[in-house]
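Below is my_file-v6.cif, which holds mmCIF, C-alpha atoms (C1' of nucleotides).
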```cif
data_input
#
loop_
_atom_site.label_atom_id
_atom_site.label_comp_id
_atom_site.auth_asym_id
_atom_site.auth_seq_id
_atom_site.Cartn_x
_atom_site.Cartn_y
_atom_site.Cartn_z
CA MET X 163 38.46 -94.80 52.34
CA SER X 164 35.51 -92.49 52.50
CA GLY X 165 33.03 -92.29 55.33
CA GLN X 166 33.71 -92.05 59.01
CA GLN X 167 35.56 -95.33 59.21
CA SER X 168 37.49 -97.47 56.80
CA ARG X 169 36.34 -100.95 55.90
CA ARG X 170 39.13 -102.45 57.99
CA GLY X 171 38.05 -100.34 60.94
CA ALA X 172 34.44 -101.42 60.58
CA GLU X 173 35.51 -105.07 60.48
CA ASN X 174 37.51 -104.71 63.66
CA ARG X 175 34.65 -102.93 65.35
CA LEU X 176 32.30 -105.74 64.43
CA ARG X 177 34.75 -108.34 65.64
CA ILE X 178 34.98 -106.60 69.01
CA VAL X 179 31.18 -106.42 69.30
CA GLU X 180 30.68 -110.07 68.37
CA THR X 181 33.36 -111.23 70.79
CA ALA X 182 31.98 -109.02 73.56
CA SER X 183 28.44 -110.24 72.94
CA GLU X 184 29.51 -113.83 73.39
CA LEU X 185 31.60 -113.13 76.47
CA PHE X 186 28.84 -111.05 78.07
CA TYR X 187 26.59 -114.07 77.58
CA HIS X 188 29.03 -116.61 78.97
CA LYS X 189 30.62 -114.61 81.79
CA GLY X 190 28.19 -111.77 82.36
CA TYR X 191 28.76 -108.09 81.66
CA GLY X 192 30.37 -107.19 84.96
CA ARG X 193 32.81 -110.09 84.97
CA THR X 194 33.95 -109.59 81.41
CA SER X 195 37.02 -107.34 81.27
CA PHE X 196 38.61 -105.60 78.32
CA SER X 197 41.49 -108.00 78.75
CA ASP X 198 39.12 -110.91 78.27
CA ILE X 199 37.72 -109.46 75.07
CA ALA X 200 41.11 -108.41 73.74
CA HIS X 201 42.47 -111.88 74.43
CA ALA X 202 39.49 -113.65 72.84
CA ALA X 203 39.57 -111.44 69.76
CA SER X 204 43.41 -111.46 69.80
CA PHE X 205 44.26 -107.80 69.59
CA PRO X 206 45.80 -105.29 72.02
CA ARG X 207 43.76 -103.93 74.89
CA GLY X 208 44.20 -100.22 74.37
CA ASN X 209 42.89 -100.65 70.85
CA PHE X 210 39.38 -100.51 72.06
CA TYR X 211 39.34 -96.95 73.04
CA TYR X 212 39.70 -95.98 69.46
CA TYR X 213 36.33 -97.65 68.84
CA PHE X 214 34.54 -97.25 72.16
CA LYS X 215 34.96 -94.51 74.72
CA THR X 216 33.65 -96.60 77.63
CA LYS X 217 32.56 -100.10 78.51
CA ASP X 218 28.96 -98.92 78.68
CA GLU X 219 29.22 -97.70 75.12
CA LEU X 220 30.40 -101.14 74.11
CA LEU X 221 27.38 -102.68 75.81
CA ASP X 222 25.12 -100.29 73.92
CA GLU X 223 26.61 -101.52 70.68
CA VAL X 224 26.32 -105.15 71.74
CA VAL X 225 22.64 -104.60 72.50
CA GLU X 226 22.20 -102.90 69.11
CA TYR X 227 23.93 -105.85 67.45
CA ARG X 228 21.67 -108.33 69.21
CA LEU X 229 18.59 -106.25 68.42
CA GLN X 230 19.40 -106.49 64.73
CA GLY X 231 19.81 -110.25 65.03
CA LEU X 232 16.52 -110.61 66.89
CA ARG X 233 14.60 -108.46 64.43
CA ALA X 234 16.01 -110.47 61.55
CA MET X 235 14.98 -113.66 63.34
CA VAL X 236 11.34 -112.74 63.89
CA SER X 237 11.11 -111.36 60.35
CA GLU X 238 12.29 -114.70 59.08
CA TRP X 239 9.68 -116.50 61.16
CA SER X 240 7.00 -114.22 59.77
CA ALA X 241 8.19 -114.90 56.24
CA LEU X 242 8.44 -118.64 56.80
CA HIS X 243 4.81 -119.28 57.79
CA ASP X 244 1.47 -117.65 57.12
CA ASP X 245 -0.22 -119.17 60.15
CA PRO X 246 0.59 -117.09 63.26
CA ALA X 247 0.44 -120.23 65.40
CA GLU X 248 3.17 -121.83 63.30
CA ARG X 249 5.17 -118.61 63.53
CA ILE X 250 4.98 -118.63 67.30
CA ALA X 251 6.02 -122.28 67.34
CA CYS X 252 9.31 -121.14 65.76
CA LEU X 253 10.14 -119.74 69.18
CA ALA X 254 10.02 -123.27 70.56
CA ASP X 255 12.18 -124.49 67.67
CA MET X 256 14.74 -121.83 68.51
CA LEU X 257 14.81 -122.87 72.17
CA GLU X 258 15.32 -126.45 71.10
CA GLN X 259 18.23 -125.51 68.86
CA SER X 260 19.98 -123.50 71.56
CA ALA X 261 19.16 -125.94 74.36
CA ASP X 262 22.79 -126.74 75.17
CA ASP X 263 23.68 -123.07 75.53
CA ILE X 264 20.60 -122.41 77.66
CA VAL X 265 21.42 -125.22 80.05
CA THR X 266 24.94 -123.85 80.41
CA TRP X 267 24.45 -120.07 80.42
CA GLY X 268 20.72 -119.43 80.58
CA CYS X 269 18.73 -117.15 78.31
CA PRO X 270 21.04 -114.58 76.71
CA ILE X 271 18.42 -111.85 77.02
CA GLY X 272 16.95 -112.67 80.41
CA THR X 273 20.28 -113.09 82.19
CA LEU X 274 21.63 -109.84 80.76
CA ILE X 275 18.57 -107.84 81.81
CA SER X 276 18.60 -109.48 85.22
CA GLU X 277 22.26 -108.60 85.76
CA LEU X 278 21.88 -105.02 84.60
CA GLY X 279 18.87 -104.63 86.88
CA LYS X 280 21.29 -104.63 89.80
CA ALA X 281 23.95 -102.55 88.12
CA ASP X 282 22.65 -99.65 86.10
CA GLU X 283 19.12 -98.52 85.40
CA ARG X 284 20.02 -96.90 82.09
CA LEU X 285 21.79 -99.97 80.76
CA GLN X 286 18.93 -102.21 81.82
CA ALA X 287 16.45 -99.98 79.98
CA ARG X 288 18.56 -100.42 76.87
CA ALA X 289 18.75 -104.20 77.20
CA ARG X 290 15.01 -104.35 77.88
CA GLU X 291 14.46 -103.44 74.24
CA LEU X 292 15.48 -107.01 73.49
CA PHE X 293 12.43 -108.26 75.38
CA ASP X 294 10.33 -105.64 73.60
CA VAL X 295 11.20 -107.04 70.18
CA ILE X 296 9.96 -110.51 71.13
CA ILE X 297 6.90 -109.31 73.02
CA ASP X 298 5.83 -106.88 70.29
CA TRP X 299 6.20 -109.53 67.63
CA LEU X 300 4.28 -112.08 69.70
CA ARG X 301 1.52 -109.56 70.33
CA GLU X 302 1.12 -109.04 66.58
CA GLN X 303 0.81 -112.77 66.01
CA LEU X 304 -1.70 -113.15 68.83
CA GLU X 305 -3.76 -110.25 67.50
CA ALA X 306 -3.78 -111.97 64.12
CA LEU X 307 -5.12 -115.02 65.92
CA GLY X 308 -7.96 -112.88 67.19
CA HIS X 309 -6.92 -112.49 70.82
CA GLY X 310 -7.66 -108.77 70.79
CA LEU X 311 -6.89 -107.03 74.07
CA GLN X 312 -5.65 -110.29 75.60
CA SER X 313 -2.77 -110.34 73.13
CA ASP X 314 -0.46 -108.27 75.30
CA VAL X 315 -1.06 -110.39 78.39
CA LEU X 316 -0.59 -113.60 76.42
CA ALA X 317 2.59 -112.34 74.76
CA LYS X 318 4.08 -111.56 78.16
CA LEU X 319 2.85 -114.91 79.45
CA LEU X 320 4.82 -116.75 76.77
CA VAL X 321 7.98 -114.74 77.40
CA SER X 322 7.54 -115.20 81.13
CA ARG X 323 7.11 -118.97 80.68
CA ILE X 324 10.33 -119.09 78.69
CA GLN X 325 12.17 -117.07 81.33
CA GLY X 326 11.01 -119.40 84.06
CA ILE X 327 11.94 -122.50 82.11
CA THR X 328 15.39 -121.24 81.13
CA THR X 329 16.10 -120.06 84.67
CA LEU X 330 15.43 -123.50 86.12
CA ALA X 331 17.11 -125.32 83.25
CA GLN X 332 20.28 -123.28 83.83
CA ALA X 333 20.12 -123.52 87.61
CA TYR X 334 20.03 -127.33 87.47
CA HIS X 335 21.92 -127.70 84.18
CA ASP X 336 19.09 -130.05 83.29
CA ARG X 337 18.70 -130.73 79.60
CA GLU X 338 15.92 -133.27 80.11
CA TYR X 339 13.83 -130.80 82.06
CA LEU X 340 14.34 -128.20 79.33
CA ASP X 341 13.36 -130.62 76.56
CA TYR X 342 10.26 -131.63 78.46
CA GLU X 343 9.18 -128.05 79.13
CA ILE X 344 9.73 -127.07 75.51
CA ARG X 345 7.28 -129.81 74.55
CA CYS X 346 4.82 -128.43 77.10
CA LEU X 347 5.36 -124.97 75.67
CA ARG X 348 4.41 -126.26 72.23
CA GLU X 349 1.18 -127.62 73.67
CA GLU X 350 0.49 -124.29 75.31
CA ILE X 351 1.08 -122.46 72.05
CA ARG X 352 -1.33 -124.85 70.34
CA ARG X 353 -3.93 -124.30 73.07
CA ILE X 354 -3.50 -120.53 72.87
CA ALA X 355 -3.92 -120.66 69.10
CA ASN X 356 -7.11 -122.73 69.51
CA ARG X 357 -8.41 -120.41 72.24
CA GLU X 358 -8.41 -123.30 74.71
CA HIS X 359 -6.01 -121.58 77.03
CA ALA X 360 -7.43 -119.68 79.98
CA HIS X 361 -5.13 -117.05 81.36
CA GLU X 362 -7.72 -114.50 82.38
CA CYS X 363 -8.33 -114.22 86.08
CA ARG X 364 -10.86 -112.35 88.17
CA GLU X 365 -9.90 -108.79 88.96
CA MET V 210 33.13 -116.53 127.27
CA SER V 211 33.02 -120.20 126.58
CA GLY V 212 32.62 -121.83 123.19
CA GLN V 213 34.39 -120.97 120.00
CA GLN V 214 33.13 -117.41 119.92
CA SER V 215 31.91 -114.90 122.45
CA ARG V 216 28.34 -113.64 122.38
CA ARG V 217 29.56 -110.31 121.08
CA GLY V 218 31.46 -112.03 118.32
CA ALA V 219 28.43 -114.08 117.32
CA GLU V 220 26.32 -110.92 117.18
CA ASN V 221 28.82 -109.19 114.92
CA ARG V 222 29.02 -112.23 112.71
CA LEU V 223 25.26 -112.28 112.33
CA ARG V 224 25.16 -108.55 111.60
CA ILE V 225 27.71 -109.02 108.82
CA VAL V 226 25.73 -111.90 107.32
CA GLU V 227 22.42 -110.02 107.45
CA THR V 228 23.94 -106.91 105.90
CA ALA V 229 25.70 -108.95 103.23
CA SER V 230 22.52 -110.85 102.43
CA GLU V 231 20.62 -107.62 101.81
CA LEU V 232 23.40 -106.06 99.75
CA PHE V 233 23.86 -109.22 97.67
CA TYR V 234 20.15 -108.98 96.91
CA HIS V 235 20.17 -105.30 96.02
CA LYS V 236 23.52 -104.98 94.25
CA GLY V 237 24.37 -108.54 93.33
CA TYR V 238 27.19 -110.67 94.76
CA GLY V 239 29.91 -109.57 92.37
CA ARG V 240 29.19 -105.86 92.70
CA THR V 241 29.04 -105.91 96.49
CA SER V 242 32.43 -105.15 98.02
CA PHE V 243 33.63 -105.58 101.56
CA SER V 244 33.72 -101.80 101.78
CA ASP V 245 30.01 -101.70 100.93
CA ILE V 246 29.21 -104.19 103.66
CA ALA V 247 31.52 -102.57 106.21
CA HIS V 248 29.98 -99.19 105.48
CA ALA V 249 26.40 -100.46 105.67
CA ALA V 250 27.05 -102.31 108.92
CA SER V 251 29.29 -99.46 110.15
CA PHE V 252 32.44 -101.24 111.18
CA PRO V 253 36.00 -101.34 109.80
CA ARG V 254 36.76 -103.31 106.65
CA GLY V 255 39.58 -105.51 107.82
CA ASN V 256 37.38 -106.73 110.61
CA PHE V 257 35.76 -109.30 108.43
CA TYR V 258 38.70 -111.52 108.03
CA TYR V 259 38.47 -112.40 111.63
CA TYR V 260 35.06 -113.90 110.83
CA PHE V 261 35.39 -114.99 107.20
CA LYS V 262 38.50 -116.06 105.38
CA THR V 263 37.17 -115.23 101.90
CA LYS V 264 34.23 -113.60 100.19
CA ASP V 265 33.06 -117.02 99.01
CA GLU V 266 32.94 -118.17 102.60
CA LEU V 267 30.75 -115.19 103.40
CA LEU V 268 28.41 -116.16 100.57
CA ASP V 269 28.22 -119.69 101.95
CA GLU V 270 27.10 -118.28 105.27
CA VAL V 271 24.61 -115.94 103.62
CA VAL V 272 23.11 -118.91 101.79
CA GLU V 273 22.97 -120.87 105.03
CA TYR V 274 21.27 -117.93 106.72
CA ARG V 275 18.70 -117.68 103.94
CA LEU V 276 18.16 -121.45 103.95
CA GLN V 277 17.21 -121.25 107.61
CA GLY V 278 14.80 -118.44 106.88
CA LEU V 279 13.22 -120.32 104.00
CA ARG V 280 12.85 -123.54 105.98
CA ALA V 281 11.26 -121.62 108.82
CA MET V 282 8.89 -120.00 106.31
CA VAL V 283 7.61 -123.20 104.73
CA SER V 284 7.30 -124.83 108.15
CA GLU V 285 5.13 -121.94 109.22
CA TRP V 286 2.94 -122.36 106.15
CA SER V 287 2.58 -126.05 106.89
CA ALA V 288 1.61 -125.26 110.47
CA LEU V 289 -0.82 -122.53 109.44
CA HIS V 290 -3.08 -124.64 107.23
CA ASP V 291 -4.08 -128.28 106.97
CA ASP V 292 -5.20 -128.03 103.35
CA PRO V 293 -2.15 -128.35 101.07
CA ALA V 294 -3.85 -126.05 98.54
CA GLU V 295 -4.09 -123.30 101.14
CA ARG V 296 -0.49 -123.93 102.11
CA ILE V 297 0.64 -123.47 98.53
CA ALA V 298 -1.40 -120.29 98.28
CA CYS V 299 0.85 -118.86 101.02
CA LEU V 300 3.50 -118.65 98.33
CA ALA V 301 1.29 -116.19 96.47
CA ASP V 302 0.71 -114.24 99.68
CA MET V 303 4.44 -113.98 100.16
CA LEU V 304 4.97 -112.69 96.62
CA GLU V 305 2.27 -110.12 97.22
CA GLN V 306 3.92 -108.94 100.42
CA SER V 307 7.33 -108.56 98.82
CA ALA V 308 5.98 -107.13 95.56
CA ASP V 309 7.80 -103.80 95.90
CA ASP V 310 11.14 -105.52 96.43
CA ILE V 311 10.53 -107.88 93.53
CA VAL V 312 9.73 -105.06 91.14
CA THR V 313 12.94 -103.32 92.20
CA TRP V 314 15.43 -106.17 92.61
CA GLY V 315 13.76 -109.31 91.30
CA CYS V 316 13.51 -112.64 93.10
CA PRO V 317 16.24 -112.87 95.78
CA ILE V 318 16.81 -116.55 95.02
CA GLY V 319 16.47 -116.56 91.24
CA THR V 320 18.71 -113.56 90.64
CA LEU V 321 21.41 -114.93 92.94
CA ILE V 322 21.45 -118.32 91.24
CA SER V 323 21.40 -116.70 87.83
CA GLU V 324 24.37 -114.50 88.69
CA LEU V 325 26.39 -117.31 90.20
CA GLY V 326 25.67 -119.44 87.13
CA LYS V 327 28.07 -117.21 85.23
CA ALA V 328 30.61 -116.87 88.01
CA ASP V 329 31.31 -120.05 89.90
CA GLU V 330 29.83 -123.51 89.51
CA ARG V 331 30.44 -124.41 93.15
CA LEU V 332 28.78 -121.30 94.52
CA GLN V 333 25.80 -121.78 92.24
CA ALA V 334 25.37 -125.35 93.46
CA ARG V 335 25.24 -123.98 96.99
CA ALA V 336 22.68 -121.31 96.14
CA ARG V 337 20.61 -123.87 94.26
CA GLU V 338 19.74 -125.43 97.61
CA LEU V 339 17.45 -122.43 98.08
CA PHE V 340 15.38 -123.57 95.11
CA ASP V 341 15.46 -127.11 96.47
CA VAL V 342 13.79 -126.10 99.71
CA ILE V 343 10.84 -124.56 97.88
CA ILE V 344 10.56 -127.32 95.29
CA ASP V 345 10.81 -130.12 97.85
CA TRP V 346 8.17 -128.52 100.05
CA LEU V 347 5.86 -127.93 97.07
CA ARG V 348 6.29 -131.53 95.96
CA GLU V 349 5.21 -132.75 99.39
CA GLN V 350 2.08 -130.59 99.24
CA LEU V 351 1.26 -131.76 95.73
CA GLU V 352 1.74 -135.38 96.72
CA ALA V 353 -0.66 -134.80 99.59
CA LEU V 354 -3.11 -133.48 96.99
CA GLY V 355 -2.78 -136.79 95.18
CA HIS V 356 -0.67 -135.71 92.23
CA GLY V 357 1.63 -138.70 92.59
CA LEU V 358 4.45 -138.80 90.07
CA GLN V 359 3.29 -135.51 88.55
CA SER V 360 4.15 -133.74 91.80
CA ASP V 361 7.74 -133.07 90.88
CA VAL V 362 6.86 -131.64 87.48
CA LEU V 363 4.13 -129.47 88.98
CA ALA V 364 6.38 -128.22 91.78
CA LYS V 365 8.95 -127.12 89.23
CA LEU V 366 6.19 -125.62 87.09
CA LEU V 367 5.12 -123.38 89.95
CA VAL V 368 8.67 -122.27 90.74
CA SER V 369 9.31 -121.71 87.06
CA ARG V 370 6.14 -119.63 86.74
CA ILE V 371 7.27 -117.46 89.65
CA GLN V 372 10.72 -117.04 88.13
CA GLY V 373 9.24 -115.93 84.84
CA ILE V 374 6.86 -113.51 86.48
CA THR V 375 9.48 -111.96 88.74
CA THR V 376 11.96 -111.66 85.87
CA LEU V 377 9.52 -109.66 83.75
CA ALA V 378 8.21 -107.67 86.71
CA GLN V 379 11.76 -106.59 87.56
CA ALA V 380 12.76 -105.96 83.94
CA TYR V 381 9.85 -103.55 83.44
CA HIS V 382 9.58 -102.41 87.08
CA ASP V 383 5.91 -103.09 86.60
CA ARG V 384 3.94 -103.50 89.80
CA GLU V 385 0.60 -103.79 87.98
CA TYR V 386 1.85 -106.67 85.88
CA LEU V 387 3.14 -108.42 88.98
CA ASP V 388 -0.14 -107.98 90.86
CA TYR V 389 -2.06 -109.29 87.90
CA GLU V 390 0.14 -112.34 87.47
CA ILE V 391 -0.01 -113.14 91.17
CA ARG V 392 -3.80 -113.28 90.82
CA CYS V 393 -3.38 -115.60 87.84
CA LEU V 394 -1.00 -117.70 89.90
CA ARG V 395 -3.67 -118.10 92.58
CA GLU V 396 -6.07 -119.35 89.94
CA GLU V 397 -3.49 -121.80 88.70
CA ILE V 398 -2.87 -123.08 92.22
CA ARG V 399 -6.63 -123.52 92.62
CA ARG V 400 -6.83 -125.39 89.31
CA ILE V 401 -3.89 -127.59 90.22
CA ALA V 402 -5.49 -128.38 93.58
CA ASN V 403 -8.74 -129.33 91.81
CA ARG V 404 -6.88 -131.37 89.20
CA GLU V 405 -8.19 -129.11 86.46
CA HIS V 406 -4.73 -128.12 85.35
CA ALA V 407 -3.21 -129.95 82.43
CA HIS V 408 0.55 -129.81 82.32
CA GLU V 409 1.25 -133.21 80.90
CA CYS V 410 2.32 -133.24 77.29
CA ARG V 411 2.88 -135.97 74.75
CA GLU V 412 6.34 -137.44 74.77
"C1'" DG H 219 38.83 -109.59 119.57
"C1'" DT H 220 39.27 -105.11 117.25
"C1'" DC H 221 41.16 -102.01 114.16
"C1'" DT H 222 44.82 -99.65 110.83
"C1'" DA H 223 47.75 -99.81 107.26
"C1'" DT H 224 48.99 -101.72 103.27
"C1'" DA H 225 50.21 -105.28 99.97
"C1'" DG H 226 49.16 -107.21 95.43
"C1'" DA H 227 46.20 -108.03 91.61
"C1'" DG H 228 43.27 -106.49 88.22
"C1'" DG H 229 39.94 -103.31 86.57
"C1'" DG H 230 38.83 -99.14 83.29
"C1'" DA H 231 40.76 -95.49 81.00
"C1'" DT H 232 44.49 -92.18 78.86
"C1'" DA H 233 48.71 -90.33 76.41
"C1'" DG H 234 51.29 -90.47 72.89
"C1'" DA H 235 54.70 -93.00 69.70
"C1'" DC H 236 54.39 -95.01 65.29
"C1'" DG U 214 44.32 -96.26 62.48
"C1'" DT U 215 47.14 -99.18 65.38
"C1'" DC U 216 49.58 -100.39 69.36
"C1'" DT U 217 52.49 -99.77 73.88
"C1'" DA U 218 53.08 -98.09 78.20
"C1'" DT U 219 51.16 -96.58 82.09
"C1'" DC U 220 48.08 -94.04 85.35
"C1'" DC U 221 44.77 -94.34 88.87
"C1'" DC U 222 41.37 -96.56 91.20
"C1'" DT U 223 39.03 -100.30 93.61
"C1'" DC U 224 38.98 -104.74 94.99
"C1'" DT U 225 40.29 -108.87 97.98
"C1'" DA U 226 43.26 -110.21 101.33
"C1'" DT U 227 47.13 -109.96 104.85
"C1'" DA U 228 50.28 -108.33 108.63
"C1'" DG U 229 50.58 -106.75 112.72
"C1'" DA U 230 49.70 -102.98 116.41
"C1'" DC U 231 46.65 -102.50 120.15
#
```
I need this file expressed as structure tokens, please.
Amino acid sequence: MSGQQSRRGAENRLRIVETASELFYHKGYGRTSFSDIAHAASFPRGNFYYYFKTKDELLDEVVEYRLQGLRAMVSEWSALHDDPAERIACLADMLEQSADDIVTWGCPIGTLISELGKADERLQARARELFDVIIDWLREQLEALGHGLQSDVLAKLLVSRIQGITTLAQAYHDREYLDYEIRCLREEIRRIANREHAHECRE
Amino acid sequence: MSGQQSRRGAENRLRIVETASELFYHKGYGRTSFSDIAHAASFPRGNFYYYFKTKDELLDEVVEYRLQGLRAMVSEWSALHDDPAERIACLADMLEQSADDIVTWGCPIGTLISELGKADERLQARARELFDVIIDWLREQLEALGHGLQSDVLAKLLVSRIQGITTLAQAYHDREYLDYEIRCLREEIRRIANREHAHECRE
DNA sequence: GTCTATAGAGGGATAGAC
DNA sequence: GTCTATCCCTCTATAGAC
């Protein structure tokens, strides 16, 4: 095979990354060992080090993998609707679809960034890019809605609302609470789109 | 000395718990080792096991210690003001005072619960009591403001807002963002107190 | 009650056979 | 490229001297 890695090698690499991504979500980065990943992906432990020199490098690749998924997701939302308000509402749809996971393991992005915040500054900075993708995309939609300079604040407000909701939903494993708050979030998105939402505050 | 433990012993026990509580906040529970605690409190490692049989038991005591602190805090707020709205605003004062810590390590309660959510169901349930203290106290204040059945939803809304804000503030180490959102939070508290805040949503 | 020494398990990482 | 064997370190926890 030409290139730096054979097709088989690339497949294995992807399988490791996908398995690691899921385990990092369910167990956390620090508590997920190579043994866990090797067992879940059913291949020998030492095999890794052909693909990744360190665990940190694996995390980098997991973040890259998730970044690609996120970027594809927001692109799809942009393609699906012309109205920015409807696009933003896709975020609520997504929460609804992953509600069971959220109640069990929390937000896959928020919990990772939170964990890495206490472990390694460099790794957290990397994972933070995941937030950036969502916030940047939201800002674009809000600018299209005519929110101008408020767009950045409002984008962060929406992400912050979601973080708060998912944190409590996970803490209490409360699906009903999550469902209710997602409905509230939809209302808030509608209000923001209609410029009925006040989030400015006196300096 | 009479009782189950001498005064000296009780002092040591407290010093361990205080040191552990701080390290759990800064480094996380899983990443804090007995060596870390022993070093920070400057006493030999093996010494612990006279006081605590396991690390989980230590966490239990740390949670108990923090619960006492939290309960004392909300009691003080209740004693300080007669107006429930002013009492609730104390929460914003507290965030302001601990802003530097929040930007560095996040919310001490939220990050602990989030971490334990991926580690141990039992330990998370214990730590969740920390949320309960705040939510229960907020609900009482909101009931006093006449919010009736909405009090529970609004109490959780406030805690959720704080979780979202602290998560983003920590992720971006952004003190300006945190200061801004605390000001917004004050406005929201004011609006809630004046019944101007709509959080109901259609079922 | 206090401290040392160490067991025992599991982690990340490496060397080298195939 | 793939897999085994193993090193070394750190962690929790224990045994037992003082």
**Request:** Find the residues of chain U in contact range of chain V, meaning any atom within 9 Å when counting all atoms listed in the file, and list them as a ChimeraX atom specification.
**Result:** /U:224-226
**Explicit residues for the PyMOL selection byres ((chain H and resi 219-234) around 12) (as a ChimeraX atom specification)** = /X:192-198,207-212,214-218 /V:210,214-219,221,252-260 /H:235-236 /U:216-231
**Message:** Going by the chain IDs and residue numbers used in this file, which residues fall under the PyMOL selection byres ((chain V) within 9 of (chain X))? Write them as a PyMOL selection string.
**Reply:** chain V and resi 234-237+239-240+313-315+319-320+322-324+326-328+333-334+337+340+362+365-366+368-377+379-381+386+389-390+392-397+408-412
**Request:** Go through the shown structure with the PyMOL selection byres ((chain X and resi 203) around 8) and write out the matching residues as a PyMOL selection string.
**Result:** chain X and resi 177-178+181+199-202+204-205
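Computed from the coordinates, the CA of Cys299 (chain V) to CA of Pro317 (chain V) distance equals 17.3 Å.
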**Prompt:** Hey, can you check how far CA of Ser284 (chain V) sits from CA of Ala402 (chain V)?
**Reply:** 19.7 Å
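A straight line drawn from CA of Leu289 (chain V) to CA of Ala301 (chain V) is 14.6 Å long.
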Give me region 316-333 of chain X with N, CA and C atoms filled in, as a PDB file, in the coordinates of the input.
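Ended up saving to selection_35.pdb:
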```pdb
ATOM      1  N   LEU X 316      -1.031-112.274  76.874  1.00  0.00           N
ATOM      2  CA  LEU X 316      -0.590-113.600  76.420  1.00  0.00           C
ATOM      3  C   LEU X 316       0.859-113.556  75.901  1.00  0.00           C
ATOM      4  N   ALA X 317       1.215-112.471  75.242  1.00  0.00           N
ATOM      5  CA  ALA X 317       2.590-112.340  74.760  1.00  0.00           C
ATOM      6  C   ALA X 317       3.564-112.355  75.939  1.00  0.00           C
ATOM      7  N   LYS X 318       3.218-111.582  76.968  1.00  0.00           N
ATOM      8  CA  LYS X 318       4.080-111.560  78.160  1.00  0.00           C
ATOM      9  C   LYS X 318       4.065-112.909  78.866  1.00  0.00           C
ATOM     10  N   LEU X 319       2.923-113.583  78.827  1.00  0.00           N
ATOM     11  CA  LEU X 319       2.850-114.910  79.450  1.00  0.00           C
ATOM     12  C   LEU X 319       3.849-115.858  78.798  1.00  0.00           C
ATOM     13  N   LEU X 320       3.904-115.840  77.475  1.00  0.00           N
ATOM     14  CA  LEU X 320       4.820-116.750  76.770  1.00  0.00           C
ATOM     15  C   LEU X 320       6.276-116.408  77.098  1.00  0.00           C
ATOM     16  N   VAL X 321       6.600-115.128  77.073  1.00  0.00           N
ATOM     17  CA  VAL X 321       7.980-114.740  77.400  1.00  0.00           C
ATOM     18  C   VAL X 321       8.304-115.101  78.846  1.00  0.00           C
ATOM     19  N   SER X 322       7.341-114.872  79.719  1.00  0.00           N
ATOM     20  CA  SER X 322       7.540-115.200  81.130  1.00  0.00           C
ATOM     21  C   SER X 322       7.735-116.711  81.328  1.00  0.00           C
ATOM     22  N   ARG X 323       6.957-117.510  80.602  1.00  0.00           N
ATOM     23  CA  ARG X 323       7.110-118.970  80.680  1.00  0.00           C
ATOM     24  C   ARG X 323       8.533-119.356  80.270  1.00  0.00           C
ATOM     25  N   ILE X 324       8.990-118.770  79.186  1.00  0.00           N
ATOM     26  CA  ILE X 324      10.330-119.090  78.690  1.00  0.00           C
ATOM     27  C   ILE X 324      11.389-118.673  79.709  1.00  0.00           C
ATOM     28  N   GLN X 325      11.210-117.511  80.318  1.00  0.00           N
ATOM     29  CA  GLN X 325      12.170-117.070  81.330  1.00  0.00           C
ATOM     30  C   GLN X 325      12.221-118.023  82.506  1.00  0.00           C
ATOM     31  N   GLY X 326      11.056-118.472  82.945  1.00  0.00           N
ATOM     32  CA  GLY X 326      11.010-119.400  84.060  1.00  0.00           C
ATOM     33  C   GLY X 326      11.695-120.721  83.725  1.00  0.00           C
ATOM     34  N   ILE X 327      11.367-121.225  82.549  1.00  0.00           N
ATOM     35  CA  ILE X 327      11.940-122.500  82.110  1.00  0.00           C
ATOM     36  C   ILE X 327      13.453-122.407  81.982  1.00  0.00           C
ATOM     37  N   THR X 328      13.941-121.357  81.331  1.00  0.00           N
ATOM     38  CA  THR X 328      15.390-121.240  81.130  1.00  0.00           C
ATOM     39  C   THR X 328      16.113-121.006  82.453  1.00  0.00           C
ATOM     40  N   THR X 329      15.475-120.287  83.364  1.00  0.00           N
ATOM     41  CA  THR X 329      16.100-120.060  84.670  1.00  0.00           C
ATOM     42  C   THR X 329      16.324-121.382  85.398  1.00  0.00           C
ATOM     43  N   LEU X 330      15.286-122.212  85.436  1.00  0.00           N
ATOM     44  CA  LEU X 330      15.430-123.500  86.120  1.00  0.00           C
ATOM     45  C   LEU X 330      16.364-124.443  85.371  1.00  0.00           C
ATOM     46  N   ALA X 331      16.256-124.434  84.053  1.00  0.00           N
ATOM     47  CA  ALA X 331      17.110-125.320  83.250  1.00  0.00           C
ATOM     48  C   ALA X 331      18.590-124.982  83.497  1.00  0.00           C
ATOM     49  N   GLN X 332      18.892-123.682  83.573  1.00  0.00           N
ATOM     50  CA  GLN X 332      20.280-123.280  83.830  1.00  0.00           C
ATOM     51  C   GLN X 332      20.681-123.609  85.263  1.00  0.00           C
ATOM     52  N   ALA X 333      19.789-123.305  86.200  1.00  0.00           N
ATOM     53  CA  ALA X 333      20.120-123.520  87.610  1.00  0.00           C
ATOM     54  C   ALA X 333      20.498-124.982  87.865  1.00  0.00           C
TER      55      ALA X 333
END
```
